[in-house]
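Notes follow the structure.
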Protein chains: 2
Amino acid sequence: MSTVPTATRLVEAAERVVAAHGYQAASVKAISAEAGVATGALYRHYPSKGALFAEVFRAVSDRELAALERAIAHHDDPVDGLLAGLATFAERALRAPRLARALLDEPVDAPVDAERLAYRRRHRAVLAERIEVAVRRGALPDQDPEITAAGLVGAWAEVLVGPLAEQPTEAEGRIRALIDLAARTVGAPPPSRTPSLPPTPEETP
Amino acid sequence: MSTVPTATRLVEAAERVVAAHGYQAASVKAISAEAGVATGALYRHYPSKGALFAEVFRAVSDRELAALERAIAHHDDPVDGLLAGLATFAERALRAPRLARALLDEPVDAPVDAERLAYRRRHRAVLAERIEVAVRRGALPDQDPEITAAGLVGAWAEVLVGPLAEQPTEAEGRIRALIDLAARTVGAPPPSRTPSLPPTPEETP
DNA sequence: ACCTGCTGTGAATCACGGTTCACACCAGGA
DNA sequence: TCCTGGTGTGAACCGTGATTCACAGCAGGT
């Protein structure tokens with residue numbers, strides 16, 4: 001029964017607009033319209049458009065990182081975990097391409113860009129940690145985990161988001177190719193089958 | 001003696017401004033000031049700011065791709081060529097970080113972004129071709145050359161441009177780590193020494 | 001009932017930066 | 001010399017989109 005507070009409504013509306021039409025189209029007017037309020041209402045809750053979007057990006061990032069960590073935690077073996085994480089990431093990105101593009105690639109203004117940078121950094125840190133463990137255990141060849149992790153983040157972003165409108169290889173095949181790529185990148189033998197993913201919990205009850 | 005035509009002067013000025021302060025700072029006013037002309041002069045030679053910058057990006061891209069291909073052509077073995085190409089790319093990017101960031105990553109407006117996309121595509125195509133040859137010769141494991149190439153482009157961009165202001169590992173070490181990363185990514189054994197580069201021709205006589 | 005503070009409204013305002021234009025200036029040809 | 005076309009000038013113009021603000025409504029407290 002309890003009505004959703006306007007601040008929350010705005011964040012959700014902003015995400016919907018971005019997911020549907022990209023950051024370009026996410027003007028203050030569009031967002032407030034989507035949220036069903038007037039433009040001025042936004043400024044009762046956020047000091048600026050940038051601040052609202054920083055919030056949006058943070059929320060989306062948190063959700064993505066949680067999914068990544070869930071997939072990783074589902075495996076004991078660090079390499080399996082890594083590949084499972086990749087698969088999750090790729091699957092989610094392909095399912096919501098517009099949102100993924102906004103999160104990874106689209107031009108955004110400075111305050112929002114800072115949030116995006118933070119996301120990438122955390123993303124990289126999570127991967128680097130697993131790689132380091134695997135190297136220490138001797139499961140992977142010696143390497144600089146930070147660099148490898150950065151490379152992985154960049155490679156996925158490029159493959160998943162770069163050619164958005166390209167020949168629409170079905171998701172299945174693309175993910176498979178990406179996993180092979182990632183396995184080589186970290187120096188692991190090619191996995192014979194796609195690593196299993198944890199069950200997806202309900203996201204908006 | 002012959003005076004440089006204004007059109008050329010504008011392109012060069014625009015590149016200088018971008019290289020020094022990033023695309024953000026490259027307003028029409030700044031560019032014309034740098035070129036030593038009034039703002040209106042720009043429109044005698046280009047229909048819009050976007051058109052001028054498309055030109056700038058094209059010029060820089062061509063130069064970069066030429067360097068890449070020169071490095072590749074310097075080796076008979078496709079894998080050596082690939083790694084030499086990477087080394088060239090990385091070295092150049094680290095030498096002109098601001099320009100590299102603009103070319104690879106910075107938010108630019110639509111018409112310019114199109115040019116950037118074209119650059120990435122060509123970049124990828126060049127790499128993919130070498131990878132395919134190497135795979136056909138049995139020097140690399142079976143893989144989708146396009147995807148691997150895209151991954152390489154993304155990975156380099158991320159590593160070289162992403163953490164711009166991070167702990168300034170000296171270029172030497174960073175390039176070394178990148179080459180190892182690339183070797184693994186394509187599935188080659190780690191090279192024992194950095195691949196040799198062709199002599200750099202004079203660029204602005 | 002009467003304050004009072006919080007929230008929402010949406011047209012007006014403002015800042016920013018690209019683009020235009022009326023006015024020179026100059027070189028070369030008639 | 002007198003045109004004429006090409007070029008340069010820079011202040012004014014204009015579109016866009018974020019931000020403000022004077023004016024309500026409304027809930028809770030006295």
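The chains in the structure tokens are called A, B, ... from first to last as shown; in each chain the residues are counted from 1, and the ligands are counted from 1 in the order shown.
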Please tabulate, as JSON lines, the residues of chain D that come within 12 Å of chain A, each with its closest pair of atoms and the distance in Å to one decimal, counting only C-alpha atoms (C1' of nucleotides) and ordering rows by chain, then residue number upward.
{"residue": "D:DT16", "atom": "C1'", "partner": "A:Ser27", "partner_atom": "CA", "distance": 10.8}
{"residue": "D:DG17", "atom": "C1'", "partner": "A:Ser27", "partner_atom": "CA", "distance": 7.4}
{"residue": "D:DA18", "atom": "C1'", "partner": "A:Val28", "partner_atom": "CA", "distance": 7.5}
{"residue": "D:DT19", "atom": "C1'", "partner": "A:Ser48", "partner_atom": "CA", "distance": 8.2}
{"residue": "D:DT20", "atom": "C1'", "partner": "A:Gly40", "partner_atom": "CA", "distance": 8.6}
{"residue": "D:DC21", "atom": "C1'", "partner": "A:Gly40", "partner_atom": "CA", "distance": 9.8}
Next on the checklist: Residues of chain C were defined as contacting chain A if any atom lay at most 7 Å from it, counting only C-alpha atoms (C1' of nucleotides); please report them as JSON, numbers by chain.
Outcome noted: {"C": [8, 9, 10]}
Next on the checklist: Within 10 Å of chain A, which residues belong to chain B? Use only C-alpha atoms and report them as a VMD selection string.
Outcome noted: chain B and resid 105 to 110 113 117 120 to 121 141 143 to 144 146 to 160 162 to 163 174 177 to 178 180 to 189
Checklist entry - DSSP on the backbone: what in stretch 41-76 of chain A comes out alpha helix (DSSP H), as JSON, numbers by chain? => result {"A": [41, 42, 43, 44, 45, 49, 50, 51, 52, 53, 54, 55, 56, 57, 58, 59, 60, 61, 62, 63, 64, 65, 66, 67, 68, 69, 70, 71, 72, 73]}
With C-alpha atoms retained, write the just-selected residues as a compact mmCIF listing (two decimals), in the first residue's frame.
# COMPACT_ATOMS: atom_id res chain seq x y z
CA ALA A 41 10.26 17.98 -8.22
CA LEU A 42 13.64 16.51 -9.09
CA TYR A 43 15.36 19.39 -7.35
CA ARG A 44 13.50 18.78 -4.11
CA HIS A 45 15.40 15.52 -3.82
CA LYS A 49 20.67 16.05 -12.61
CA GLY A 50 24.21 14.75 -12.27
CA ALA A 51 23.64 13.80 -8.66
CA LEU A 52 20.53 11.84 -9.57
CA PHE A 53 22.39 9.94 -12.22
CA ALA A 54 25.33 9.26 -9.98
CA GLU A 55 22.76 7.55 -7.77
CA VAL A 56 21.35 5.61 -10.71
CA PHE A 57 24.75 4.44 -11.84
CA ARG A 58 25.70 3.46 -8.35
CA ALA A 59 22.56 1.39 -7.98
CA VAL A 60 23.03 -0.39 -11.28
CA SER A 61 26.71 -0.97 -10.62
CA ASP A 62 26.01 -2.47 -7.22
CA ARG A 63 23.50 -4.82 -8.72
CA GLU A 64 25.91 -5.91 -11.44
CA LEU A 65 28.79 -6.41 -9.08
CA ALA A 66 26.59 -8.41 -6.74
CA ALA A 67 25.67 -10.71 -9.61
CA LEU A 68 29.31 -11.06 -10.51
CA GLU A 69 30.34 -11.92 -7.00
CA ARG A 70 27.48 -14.34 -6.62
CA ALA A 71 28.61 -16.21 -9.72
CA ILE A 72 32.19 -16.26 -8.48
CA ALA A 73 31.24 -17.46 -5.04
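Residues with any atom within 12 Å of C:DC3, counting only C-alpha atoms (C1' of nucleotides) and excluding same-chain neighbours fewer than 3 positions away, are DG28, DG29 and DT30 of chain D.
Coordinates place atom CA of B:Arg9 at a distance of 21.1 Å from atom CA of B:Ala100.
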Item to check | Gap from atom C1' of C:DC6 to atom C1' of D:DA27 - Å, one decimal | outcome: 9.1 Å
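The interatomic distance for the pair atom CA of B:Arg95 and atom CA of B:Ala13 works out to 19.1 Å.
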Would you list the contacts of C:DA22 as a PDB file with N, CA and C atoms (P, O5', C5', C4', C3', O3' and C1' of nucleotides), in the first residue's frame, taking every protein, DNA or RNA residue within 12 Å and counting only C-alpha atoms (C1' of nucleotides), but skipping same-chain residues closer than 6 positions in sequence?
ATOM      1  P    DT D   9      40.860  36.559 -38.697  1.00  0.00           P
ATOM      2  O5'  DT D   9      39.672  37.577 -38.492  1.00  0.00           O
ATOM      3  C5'  DT D   9      39.880  38.953 -38.791  1.00  0.00           C
ATOM      4  C4'  DT D   9      38.736  39.772 -38.225  1.00  0.00           C
ATOM      5  C3'  DT D   9      38.314  39.349 -36.814  1.00  0.00           C
ATOM      6  O3'  DT D   9      38.445  40.459 -35.952  1.00  0.00           O
ATOM      7  C1'  DT D   9      36.422  39.542 -38.268  1.00  0.00           C
ATOM      8  P    DG D  10      38.828  40.170 -34.419  1.00  0.00           P
ATOM      9  O5'  DG D  10      37.405  40.244 -33.726  1.00  0.00           O
ATOM     10  C5'  DG D  10      36.614  41.414 -33.940  1.00  0.00           C
ATOM     11  C4'  DG D  10      35.176  41.129 -33.551  1.00  0.00           C
ATOM     12  C3'  DG D  10      35.020  40.300 -32.254  1.00  0.00           C
ATOM     13  O3'  DG D  10      33.892  40.790 -31.551  1.00  0.00           O
ATOM     14  C1'  DG D  10      33.885  39.247 -33.969  1.00  0.00           C
ATOM     15  P    DA D  11      33.966  41.447 -30.168  1.00  0.00           P
ATOM     16  O5'  DA D  11      32.552  42.175 -30.093  1.00  0.00           O
ATOM     17  C5'  DA D  11      32.210  43.088 -31.117  1.00  0.00           C
ATOM     18  C4'  DA D  11      30.767  42.858 -31.553  1.00  0.00           C
ATOM     19  C3'  DA D  11      29.783  42.618 -30.405  1.00  0.00           C
ATOM     20  O3'  DA D  11      28.581  43.292 -30.710  1.00  0.00           O
ATOM     21  C1'  DA D  11      29.735  40.773 -31.875  1.00  0.00           C
ATOM     22  P    DA D  12      27.325  43.173 -29.731  1.00  0.00           P
ATOM     23  O5'  DA D  12      26.350  42.208 -30.551  1.00  0.00           O
ATOM     24  C5'  DA D  12      25.812  42.680 -31.779  1.00  0.00           C
ATOM     25  C4'  DA D  12      24.940  41.608 -32.389  1.00  0.00           C
ATOM     26  C3'  DA D  12      23.742  41.201 -31.528  1.00  0.00           C
ATOM     27  O3'  DA D  12      22.621  41.098 -32.395  1.00  0.00           O
ATOM     28  C1'  DA D  12      25.047  39.292 -32.043  1.00  0.00           C
TER      29       DA D  12
END
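Each of B:Ile31, B:Ala25, B:Leu104, B:Val135 was checked against B:Val79 using only C-alpha atoms; the smallest atom-to-atom distance is that of B:Val135.
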